[in-house]
file model-v8.tsv (TSV, C-alpha atoms)
chain	number	residue	atom	x	y	z
P	538	MET	CA	-3.21	97.62	-55.76
P	539	LYS	CA	-5.16	100.13	-53.72
P	540	ASN	CA	-7.26	102.76	-55.46
P	541	PRO	CA	-5.71	106.21	-54.69
P	542	ARG	CA	-9.05	107.92	-55.32
P	543	ALA	CA	-10.81	105.68	-52.82
P	544	ALA	CA	-8.06	106.30	-50.26
P	545	VAL	CA	-8.41	110.09	-50.59
P	546	ASP	CA	-12.19	109.88	-50.34
P	547	ARG	CA	-11.94	107.69	-47.25
P	548	LEU	CA	-9.48	110.09	-45.61
P	549	CYS	CA	-11.72	113.09	-46.32
P	550	HIS	CA	-14.86	111.35	-45.07
P	551	THR	CA	-13.05	110.26	-41.90
P	552	THR	CA	-11.78	113.80	-41.34
P	553	GLY	CA	-15.28	115.17	-41.88
P	554	LEU	CA	-16.72	112.73	-39.34
P	555	LEU	CA	-14.09	113.75	-36.78
P	556	LEU	CA	-14.97	117.42	-37.30
P	557	VAL	CA	-18.66	116.63	-36.81
P	558	LEU	CA	-17.76	114.67	-33.67
P	559	SER	CA	-15.80	117.68	-32.42
P	560	GLY	CA	-18.87	119.85	-32.88
P	561	LEU	CA	-21.07	117.39	-31.00
P	562	VAL	CA	-18.54	117.11	-28.16
P	563	HIS	CA	-18.57	120.87	-27.75
P	564	LEU	CA	-22.35	120.83	-27.72
P	565	VAL	CA	-22.03	118.64	-24.62
P	566	VAL	CA	-19.43	121.04	-23.22
P	567	PHE	CA	-21.91	123.88	-23.71
P	568	ALA	CA	-24.65	121.90	-21.96
P	569	VAL	CA	-22.35	121.33	-18.97
P	570	ASP	CA	-20.48	124.63	-18.83
P	571	GLY	CA	-23.27	126.93	-19.97
P	572	GLY	CA	-22.58	130.49	-20.94
P	573	PRO	CA	-24.02	132.56	-23.80
P	574	TRP	CA	-24.90	130.91	-27.08
P	575	ASP	CA	-24.51	134.10	-29.10
P	576	GLY	CA	-21.66	136.56	-29.19
P	577	PRO	CA	-17.98	136.45	-30.20
P	578	VAL	CA	-17.03	134.25	-27.21
P	579	SER	CA	-19.27	131.21	-26.82
P	580	TRP	CA	-19.31	127.45	-27.29
P	581	ARG	CA	-21.58	128.01	-30.28
P	582	LYS	CA	-18.63	128.61	-32.58
P	583	PRO	CA	-16.80	125.27	-32.13
P	584	VAL	CA	-20.18	123.53	-32.28
P	585	THR	CA	-21.49	125.15	-35.46
P	586	PHE	CA	-18.14	125.33	-37.25
P	587	GLY	CA	-17.29	121.72	-36.41
P	588	LEU	CA	-20.65	120.48	-37.69
P	589	SER	CA	-20.70	122.77	-40.74
P	590	PHE	CA	-17.13	122.14	-41.86
P	591	GLY	CA	-17.44	118.41	-41.25
P	592	VAL	CA	-20.67	118.09	-43.23
P	593	THR	CA	-19.34	120.35	-46.01
P	594	LEU	CA	-16.12	118.34	-46.33
P	595	MET	CA	-18.02	115.07	-46.62
P	596	ALA	CA	-20.52	116.62	-49.03
P	597	LEU	CA	-17.79	118.05	-51.28
P	598	THR	CA	-15.95	114.73	-51.30
P	599	TRP	CA	-19.09	112.99	-52.53
P	600	VAL	CA	-20.38	115.68	-54.90
P	601	THR	CA	-17.03	116.23	-56.64
P	602	SER	CA	-17.06	112.57	-57.66
P	603	TYR	CA	-19.62	113.65	-60.29
P	604	LEU	CA	-17.31	116.32	-61.74
P	605	ARG	CA	-15.31	115.64	-64.88
P	606	THR	CA	-11.93	116.48	-63.40
P	607	GLY	CA	-8.75	114.45	-63.35
P	608	ASP	CA	-8.35	112.18	-60.34
P	609	ARG	CA	-5.00	113.75	-59.39
P	610	LEU	CA	-6.33	117.31	-59.47
P	611	ARG	CA	-9.46	116.37	-57.53
P	612	ALA	CA	-7.42	114.47	-54.94
P	613	ALA	CA	-4.98	117.36	-54.47
P	614	LEU	CA	-7.78	119.90	-54.08
P	615	LEU	CA	-9.67	117.71	-51.63
P	616	LEU	CA	-6.59	117.07	-49.49
P	617	VAL	CA	-5.86	120.80	-49.25
P	618	PHE	CA	-9.52	121.47	-48.51
P	619	ALA	CA	-9.56	118.84	-45.74
P	620	ALA	CA	-6.38	120.24	-44.16
P	621	ASP	CA	-7.80	123.76	-44.31
P	622	CYS	CA	-11.04	122.62	-42.66
P	623	VAL	CA	-9.02	121.15	-39.79
P	624	VAL	CA	-7.03	124.37	-39.40
P	625	GLU	CA	-10.20	126.50	-39.37
P	626	VAL	CA	-12.07	124.38	-36.84
P	627	GLY	CA	-8.91	123.91	-34.77
P	628	GLY	CA	-8.24	127.66	-34.54
P	629	ILE	CA	-11.84	128.45	-33.63
P	630	THR	CA	-11.91	125.67	-31.03
P	631	LEU	CA	-8.60	126.77	-29.51
P	632	GLN	CA	-9.85	130.33	-29.04
P	633	ALA	CA	-13.13	129.11	-27.56
P	634	TRP	CA	-11.21	127.23	-24.88
P	635	ARG	CA	-9.06	130.33	-24.29
P	636	ARG	CA	-12.32	132.33	-23.86
P	637	VAL	CA	-11.38	134.90	-26.49
P	638	PRO	CA	-12.88	135.75	-29.92
P	639	SER	CA	-11.49	133.73	-32.80
P	640	HIS	CA	-12.16	136.15	-35.65
P	641	LEU	CA	-11.18	139.81	-35.95
P	642	ASN	CA	-9.25	139.54	-32.68
P	643	THR	CA	-6.05	141.60	-32.56
P	644	GLU	CA	-5.74	141.99	-28.79
P	645	THR	CA	-2.41	140.14	-28.57
P	646	PRO	CA	0.19	138.98	-31.13
P	647	PHE	CA	-0.99	135.39	-30.67
P	648	ASP	CA	-4.64	136.32	-31.15
P	649	THR	CA	-3.70	138.29	-34.24
P	650	SER	CA	-1.82	135.30	-35.69
P	651	VAL	CA	-4.81	133.03	-35.10
P	652	SER	CA	-7.20	135.55	-36.62
P	653	MET	CA	-4.96	136.04	-39.65
P	654	THR	CA	-4.56	132.27	-40.08
P	655	LEU	CA	-8.33	131.86	-40.09
P	656	ALA	CA	-8.72	134.69	-42.60
P	657	VAL	CA	-6.09	133.23	-44.93
P	658	GLY	CA	-7.62	129.80	-44.52
P	659	GLY	CA	-10.98	131.24	-45.50
P	660	GLY	CA	-9.41	132.65	-48.64
P	661	VAL	CA	-7.94	129.25	-49.50
P	662	LEU	CA	-11.31	127.59	-48.98
P	663	ALA	CA	-12.98	130.13	-51.25
P	664	ALA	CA	-10.38	129.57	-53.97
P	665	LEU	CA	-10.73	125.78	-53.84
P	666	LEU	CA	-14.51	125.87	-53.91
P	667	THR	CA	-14.45	128.31	-56.82
P	668	VAL	CA	-12.24	125.89	-58.77
P	669	PHE	CA	-14.76	123.10	-58.18
P	670	ALA	CA	-17.65	125.40	-59.14
P	671	VAL	CA	-15.96	126.39	-62.39
P	672	ALA	CA	-15.27	122.72	-63.14
P	673	SER	CA	-18.98	121.92	-62.71
P	674	PHE	CA	-19.87	124.43	-65.44
P	675	ARG	CA	-17.00	123.69	-67.82
P	676	HIS	CA	-18.11	120.09	-68.32
P	677	LEU	CA	-21.52	118.57	-67.64
P	678	PRO	CA	-21.39	116.59	-64.37
P	679	THR	CA	-22.18	112.89	-64.47
P	680	GLY	CA	-24.76	111.02	-62.40
P	681	PRO	CA	-28.42	110.02	-62.50
P	682	ALA	CA	-31.21	112.16	-63.93
P	683	GLY	CA	-31.26	115.58	-62.32
P	684	MET	CA	-27.79	115.27	-60.81
P	685	PRO	CA	-26.02	117.60	-63.29
P	686	LEU	CA	-28.53	120.37	-62.55
P	687	ALA	CA	-28.34	119.67	-58.80
P	688	VAL	CA	-24.54	119.85	-58.79
P	689	ARG	CA	-24.39	123.02	-60.86
P	690	SER	CA	-27.14	124.72	-58.84
P	691	GLY	CA	-25.48	123.69	-55.59
P	692	PHE	CA	-22.14	125.14	-56.64
P	693	ALA	CA	-23.76	128.32	-57.98
P	694	LEU	CA	-25.45	128.92	-54.63
P	695	LEU	CA	-22.22	128.01	-52.87
P	696	LEU	CA	-20.59	130.96	-54.62
P	697	VAL	CA	-23.22	133.17	-52.94
P	698	ALA	CA	-22.10	131.74	-49.59
P	699	LEU	CA	-18.48	132.56	-50.44
P	700	ALA	CA	-19.39	136.12	-51.43
P	701	SER	CA	-21.39	136.69	-48.23
P	702	GLY	CA	-18.53	135.24	-46.17
P	703	ALA	CA	-16.06	137.57	-47.85
P	704	ALA	CA	-18.38	140.51	-47.16
P	705	MET	CA	-18.56	139.61	-43.47
P	706	ILE	CA	-14.79	139.43	-43.17
P	707	ALA	CA	-14.25	142.66	-45.14
P	708	ARG	CA	-16.72	144.66	-43.03
P	709	GLY	CA	-15.31	143.27	-39.81
P	710	VAL	CA	-11.74	144.11	-40.82
P	711	VAL	CA	-12.71	147.68	-41.71
P	712	LEU	CA	-14.48	148.19	-38.38
P	713	THR	CA	-11.57	146.65	-36.47
P	714	ARG	CA	-8.98	148.86	-38.17
P	715	THR	CA	-11.04	151.98	-37.52
P	716	GLY	CA	-11.25	151.26	-33.80
P	717	HIS	CA	-14.73	149.77	-33.65
P	718	GLN	CA	-13.79	146.33	-32.31
P	719	GLU	CA	-17.07	145.55	-30.55
P	720	ALA	CA	-19.08	146.61	-33.60
P	721	ALA	CA	-16.91	144.35	-35.75
P	722	TYR	CA	-17.88	141.31	-33.67
P	723	HIS	CA	-21.58	142.01	-34.21
P	724	SER	CA	-21.42	143.24	-37.81
P	725	THR	CA	-21.71	139.77	-39.34
P	726	ALA	CA	-25.17	138.98	-37.93
P	727	PRO	CA	-27.27	140.20	-40.93
P	728	LEU	CA	-25.31	138.03	-43.38
P	729	LYS	CA	-25.23	134.83	-41.34
P	730	PRO	CA	-28.62	133.47	-42.54
P	731	LEU	CA	-27.65	134.09	-46.17
P	732	HIS	CA	-24.26	132.46	-45.64
P	733	GLY	CA	-25.71	129.44	-43.84
P	734	VAL	CA	-28.58	128.77	-46.25
P	735	SER	CA	-26.53	129.06	-49.44
P	736	LEU	CA	-23.59	127.09	-48.04
P	737	HIS	CA	-25.35	123.73	-47.89
P	738	ALA	CA	-27.20	123.75	-51.22
P	739	VAL	CA	-24.30	121.75	-52.66
P	740	LEU	CA	-25.31	118.89	-50.34
P	741	VAL	CA	-29.11	119.22	-50.25
P	742	LEU	CA	-29.78	119.34	-54.00
P	743	PRO	CA	-27.45	116.48	-55.06
P	744	LEU	CA	-28.78	114.40	-52.16
P	745	LEU	CA	-32.30	114.97	-53.50
P	746	ALA	CA	-31.23	113.88	-56.99
P	747	ARG	CA	-29.57	110.77	-55.58
P	748	SER	CA	-32.64	109.91	-53.51
P	749	LEU	CA	-34.92	110.33	-56.53
P	750	SER	CA	-32.76	107.86	-58.47
P	751	LEU	CA	-33.98	105.17	-56.07
P	752	THR	CA	-37.62	105.77	-57.03
P	753	PRO	CA	-39.49	104.24	-60.00
P	754	TRP	CA	-40.28	107.69	-61.43
P	755	SER	CA	-39.23	108.55	-64.96
P	756	GLU	CA	-36.06	110.51	-65.68
P	757	GLY	CA	-38.11	113.44	-66.92
P	758	ALA	CA	-40.12	113.57	-63.69
P	759	ARG	CA	-36.95	113.42	-61.60
P	760	ARG	CA	-35.36	116.25	-63.58
P	761	ARG	CA	-38.46	118.40	-63.11
P	762	ILE	CA	-38.50	117.77	-59.36
P	763	VAL	CA	-34.84	118.74	-59.07
P	764	ALA	CA	-35.48	121.86	-61.16
P	765	VAL	CA	-38.37	122.90	-58.89
P	766	ALA	CA	-36.28	122.21	-55.79
P	767	ALA	CA	-33.38	124.24	-57.17
P	768	GLY	CA	-35.76	127.10	-57.91
P	769	CYS	CA	-37.21	126.98	-54.38
P	770	TYR	CA	-33.74	126.90	-52.86
P	771	ALA	CA	-32.68	129.86	-54.99
P	772	ALA	CA	-35.80	131.73	-53.83
P	773	ALA	CA	-34.88	131.03	-50.20
P	774	VAL	CA	-31.38	132.36	-50.81
P	775	ALA	CA	-32.83	135.44	-52.51
P	776	ALA	CA	-35.11	136.04	-49.51
P	777	ALA	CA	-32.13	135.74	-47.16
P	778	ALA	CA	-30.18	138.15	-49.37
P	779	LEU	CA	-33.06	140.65	-49.30
P	780	TRP	CA	-33.26	140.45	-45.50
P	781	ALA	CA	-29.48	140.92	-45.30
P	782	GLY	CA	-29.68	143.94	-47.58
P	783	LEU	CA	-32.38	145.54	-45.46
P	784	THR	CA	-30.57	144.97	-42.17
P	785	TYR	CA	-26.88	145.17	-43.17

call {"tool": "encode", "arguments": {"input": "model-v8.tsv", "output": "structure tokens"}}
result
Amino acid sequence: MKNPRAAVDRLCHTTGLLLVLSGLVHLVVFAVDGGPWDGPVSWRKPVTFGLSFGVTLMALTWVTSYLRTGDRLRAALLLVFAADCVVEVGGITLQAWRRVPSHLNTETPFDTSVSMTLAVGGGVLAALLTVFAVASFRHLPTGPAGMPLAVRSGFALLLVALASGAAMIARGVVLTRTGHQEAAYHSTAPLKPLHGVSLHAVLVLPLLARSLSLTPWSEGARRRIVAVAAGCYAAAVAAAALWAGLTY
């Protein structure tokens, strides 16, 4: 009998790889077609979102295996998360090919529906990731020495990414509704470094803990290394937050 958990993990990893492949394909499209890299209309968005969502989906699939949650709940959350990732990347990619902004775009009814779908999808992603973060603190994660701290630190910093993402959307919506459409497109720039750095801590820190488990070092030494790494990562996020606060 097939293992349902393994089947869900395989599906999520495959989906993540396809999203990464989509990002790489659009990097080639950018190299051929050219155009601006920055701005609300560019090939940068399908590239960066495809890579980021793909890597995040694969990372979450792996990292959540250390959480003490029921297999059914974890599988359901991961499947919804994977579907939402596809919707987000698909909407952004569609708008890139249409040569129109994907977010905060209310120029036509269709553009508005895409923009709203992406916003709702972002809310769903935030809710799912918050559930996983709470689960990591309710019960001590499993894994080799240093992994529980790595998982909890990664999810804690991921919450910072969610908060900065929500702030970007909120400010953009306010500017759009007050008639400052062009300003809305550029309003997210100060928060992007904070959002990007904090988003991937949930992969980097657990990956470090897993890599250390392959060394002959003692468990105490591995825990200390993970603790130092988590502190350095938190300091980097704090620096990005300070820069965002000064330029927001």

call {"tool": "atom_distance", "arguments": {"input": "model-v8.tsv", "atom1": "CA of Ala746 (chain P)", "atom2": "CA of Leu558 (chain P)"}}
result
26.9 Å

call {"tool": "residues_around", "arguments": {"input": "model-v8.tsv", "residues": "Leu548 (chain P)", "least_positions_apart": "4", "cutoff": "10 Å", "atoms": "only C-alpha atoms", "output": "PyMOL selection string"}}
result
chain P and resi 542-544+552-554+595+598+615-616+619

call {"tool": "closest_residue", "arguments": {"input": "model-v8.tsv", "among": "P:Ser639, P:Thr606, P:Ser701, P:Asn540", "to": "Pro727 (chain P)", "atoms": "all atoms listed in the file"}}
result
P:Ser701

call {"tool": "closest_residue", "arguments": {"input": "model-v8.tsv", "among": "P:Met684, P:Arg761, P:Asp608, P:Ala767", "to": "Pro541 (chain P)", "atoms": "only C-alpha atoms"}}
result
P:Asp608

call {"tool": "axis_aligned_box", "arguments": {"input": "model-v8.tsv", "around": "region 649-667 of chain P", "padding_each_side": "4 Å", "output": "AutoDock Vina command-line options"}}
result
--center_x -8.2 --center_y 132.0 --center_z -45.5 --size_x 20.7 --size_y 20.5 --size_z 30.6

call {"tool": "residues_around", "arguments": {"input": "model-v8.tsv", "residues": "Ser589 (chain P)", "least_positions_apart": "5", "cutoff": "12 Å", "atoms": "only C-alpha atoms", "output": "PyMOL selection string"}}
result
chain P and resi 553-561+581-584+594-597+622-623+625-626+732-734+736-737+740

call {"tool": "atom_distance", "arguments": {"input": "model-v8.tsv", "atom1": "CA of Met705 (chain P)", "atom2": "CA of Ala670 (chain P)"}}
result
21.2 Å

call {"tool": "closest_residue", "arguments": {"input": "model-v8.tsv", "among": "P:Val562, P:Trp580, P:Arg760, P:Leu677", "to": "Gln632 (chain P)", "atoms": "all atoms listed in the file"}}
result
P:Trp580

call {"tool": "closest_residue", "arguments": {"input": "model-v8.tsv", "among": "P:Val624, P:Val739, P:Val763, P:Ile629", "to": "Val697 (chain P)", "atoms": "all atoms listed in the file"}}
result
P:Val739

call {"tool": "atom_distance", "arguments": {"input": "model-v8.tsv", "atom1": "CA of Asp648 (chain P)", "atom2": "CA of Gly660 (chain P)"}}
result
18.5 Å

call {"tool": "residues_near_point", "arguments": {"input": "model-v8.tsv", "point": "(-28.7, 107.6, -59.7)", "cutoff": "12 Å", "atoms": "all atoms listed in the file", "output": "PyMOL selection string"}}
result
chain P and resi 603+679-685+743-756+759-760

call {"tool": "write_last_selection", "arguments": {"input": "model-v8.tsv", "atoms": "C-alpha atoms", "output": "PDB file, in the frame of the given file"}}
result
ATOM      1  CA  TYR P 603     -19.620 113.650 -60.290  1.00  0.00           C
ATOM      2  CA  THR P 679     -22.180 112.890 -64.470  1.00  0.00           C
ATOM      3  CA  GLY P 680     -24.760 111.020 -62.400  1.00  0.00           C
ATOM      4  CA  PRO P 681     -28.420 110.020 -62.500  1.00  0.00           C
ATOM      5  CA  ALA P 682     -31.210 112.160 -63.930  1.00  0.00           C
ATOM      6  CA  GLY P 683     -31.260 115.580 -62.320  1.00  0.00           C
ATOM      7  CA  MET P 684     -27.790 115.270 -60.810  1.00  0.00           C
ATOM      8  CA  PRO P 685     -26.020 117.600 -63.290  1.00  0.00           C
ATOM      9  CA  PRO P 743     -27.450 116.480 -55.060  1.00  0.00           C
ATOM     10  CA  LEU P 744     -28.780 114.400 -52.160  1.00  0.00           C
ATOM     11  CA  LEU P 745     -32.300 114.970 -53.500  1.00  0.00           C
ATOM     12  CA  ALA P 746     -31.230 113.880 -56.990  1.00  0.00           C
ATOM     13  CA  ARG P 747     -29.570 110.770 -55.580  1.00  0.00           C
ATOM     14  CA  SER P 748     -32.640 109.910 -53.510  1.00  0.00           C
ATOM     15  CA  LEU P 749     -34.920 110.330 -56.530  1.00  0.00           C
ATOM     16  CA  SER P 750     -32.760 107.860 -58.470  1.00  0.00           C
ATOM     17  CA  LEU P 751     -33.980 105.170 -56.070  1.00  0.00           C
ATOM     18  CA  THR P 752     -37.620 105.770 -57.030  1.00  0.00           C
ATOM     19  CA  PRO P 753     -39.490 104.240 -60.000  1.00  0.00           C
ATOM     20  CA  TRP P 754     -40.280 107.690 -61.430  1.00  0.00           C
ATOM     21  CA  SER P 755     -39.230 108.550 -64.960  1.00  0.00           C
ATOM     22  CA  GLU P 756     -36.060 110.510 -65.680  1.00  0.00           C
ATOM     23  CA  ARG P 759     -36.950 113.420 -61.600  1.00  0.00           C
ATOM     24  CA  ARG P 760     -35.360 116.250 -63.580  1.00  0.00           C
TER      25      ARG P 760
END

call {"tool": "closest_residue", "arguments": {"input": "model-v8.tsv", "among": "P:Thr601, P:Ser579, P:Thr645, P:Thr667", "to": "Ala633 (chain P)", "atoms": "only C-alpha atoms"}}
result
P:Ser579

call {"tool": "residues_around", "arguments": {"input": "model-v8.tsv", "residues": "Ala773 (chain P)", "least_positions_apart": "3", "cutoff": "9 Å", "atoms": "all atoms listed in the file", "output": "PDB file with C-alpha atoms, keeping the file's coordinate frame"}}
result
ATOM      1  CA  LEU P 731     -27.650 134.090 -46.170  1.00  0.00           C
ATOM      2  CA  VAL P 734     -28.580 128.770 -46.250  1.00  0.00           C
ATOM      3  CA  SER P 735     -26.530 129.060 -49.440  1.00  0.00           C
ATOM      4  CA  GLY P 768     -35.760 127.100 -57.910  1.00  0.00           C
ATOM      5  CA  CYS P 769     -37.210 126.980 -54.380  1.00  0.00           C
ATOM      6  CA  TYR P 770     -33.740 126.900 -52.860  1.00  0.00           C
ATOM      7  CA  ALA P 776     -35.110 136.040 -49.510  1.00  0.00           C
ATOM      8  CA  ALA P 777     -32.130 135.740 -47.160  1.00  0.00           C
ATOM      9  CA  ALA P 778     -30.180 138.150 -49.370  1.00  0.00           C
TER      10      ALA P 778
END

call {"tool": "closest_residue", "arguments": {"input": "model-v8.tsv", "among": "P:Val565, P:Leu641, P:Val688, P:Leu662", "to": "Ser602 (chain P)", "atoms": "all atoms listed in the file"}}
result
P:Val688

call {"tool": "decode", "arguments": {"input": "model-v8.tsv", "residues": "region 691-707 of chain P", "atoms": "N, CA and C atoms", "output": "PDB file, in the first residue's frame"}}
result
ATOM      1  N   GLY P 691      13.484  29.694  11.892  1.00  0.00           N
ATOM      2  CA  GLY P 691      13.090  29.902  10.501  1.00  0.00           C
ATOM      3  C   GLY P 691      11.649  30.343  10.379  1.00  0.00           C
ATOM      4  N   PHE P 692      10.767  29.726  11.139  1.00  0.00           N
ATOM      5  CA  PHE P 692       9.353  30.105  11.082  1.00  0.00           C
ATOM      6  C   PHE P 692       9.119  31.476  11.723  1.00  0.00           C
ATOM      7  N   ALA P 693       9.858  31.777  12.795  1.00  0.00           N
ATOM      8  CA  ALA P 693       9.716  33.097  13.419  1.00  0.00           C
ATOM      9  C   ALA P 693      10.099  34.205  12.448  1.00  0.00           C
ATOM     10  N   LEU P 694      11.191  34.010  11.714  1.00  0.00           N
ATOM     11  CA  LEU P 694      11.617  35.007  10.734  1.00  0.00           C
ATOM     12  C   LEU P 694      10.686  35.021   9.523  1.00  0.00           C
ATOM     13  N   LEU P 695      10.081  33.874   9.238  1.00  0.00           N
ATOM     14  CA  LEU P 695       9.111  33.817   8.150  1.00  0.00           C
ATOM     15  C   LEU P 695       7.902  34.694   8.455  1.00  0.00           C
ATOM     16  N   LEU P 696       7.531  34.780   9.720  1.00  0.00           N
ATOM     17  CA  LEU P 696       6.424  35.655  10.109  1.00  0.00           C
ATOM     18  C   LEU P 696       6.757  37.123   9.821  1.00  0.00           C
ATOM     19  N   VAL P 697       8.049  37.478   9.935  1.00  0.00           N
ATOM     20  CA  VAL P 697       8.476  38.839   9.582  1.00  0.00           C
ATOM     21  C   VAL P 697       8.259  39.067   8.087  1.00  0.00           C
ATOM     22  N   ALA P 698       8.562  38.043   7.280  1.00  0.00           N
ATOM     23  CA  ALA P 698       8.348  38.146   5.836  1.00  0.00           C
ATOM     24  C   ALA P 698       6.871  38.342   5.525  1.00  0.00           C
ATOM     25  N   LEU P 699       6.017  37.622   6.246  1.00  0.00           N
ATOM     26  CA  LEU P 699       4.571  37.751   6.028  1.00  0.00           C
ATOM     27  C   LEU P 699       4.092  39.151   6.402  1.00  0.00           C
ATOM     28  N   ALA P 700       4.607  39.677   7.515  1.00  0.00           N
ATOM     29  CA  ALA P 700       4.204  41.011   7.953  1.00  0.00           C
ATOM     30  C   ALA P 700       4.661  42.073   6.953  1.00  0.00           C
ATOM     31  N   SER P 701       5.883  41.942   6.449  1.00  0.00           N
ATOM     32  CA  SER P 701       6.380  42.928   5.478  1.00  0.00           C
ATOM     33  C   SER P 701       5.613  42.811   4.164  1.00  0.00           C
ATOM     34  N   GLY P 702       5.239  41.596   3.779  1.00  0.00           N
ATOM     35  CA  GLY P 702       4.435  41.422   2.573  1.00  0.00           C
ATOM     36  C   GLY P 702       3.068  42.057   2.715  1.00  0.00           C
ATOM     37  N   ALA P 703       2.461  41.878   3.883  1.00  0.00           N
ATOM     38  CA  ALA P 703       1.153  42.485   4.142  1.00  0.00           C
ATOM     39  C   ALA P 703       1.251  44.010   4.116  1.00  0.00           C
ATOM     40  N   ALA P 704       2.352  44.547   4.650  1.00  0.00           N
ATOM     41  CA  ALA P 704       2.549  45.996   4.652  1.00  0.00           C
ATOM     42  C   ALA P 704       2.682  46.533   3.230  1.00  0.00           C
ATOM     43  N   MET P 705       3.384  45.792   2.374  1.00  0.00           N
ATOM     44  CA  MET P 705       3.536  46.218   0.982  1.00  0.00           C
ATOM     45  C   MET P 705       2.185  46.269   0.274  1.00  0.00           C
ATOM     46  N   ILE P 706       1.393  45.226   0.475  1.00  0.00           N
ATOM     47  CA  ILE P 706       0.081  45.175  -0.167  1.00  0.00           C
ATOM     48  C   ILE P 706      -0.817  46.286   0.359  1.00  0.00           C
ATOM     49  N   ALA P 707      -0.823  46.483   1.686  1.00  0.00           N
ATOM     50  CA  ALA P 707      -1.694  47.491   2.298  1.00  0.00           C
ATOM     51  C   ALA P 707      -1.354  48.894   1.787  1.00  0.00           C
TER      52      ALA P 707
END
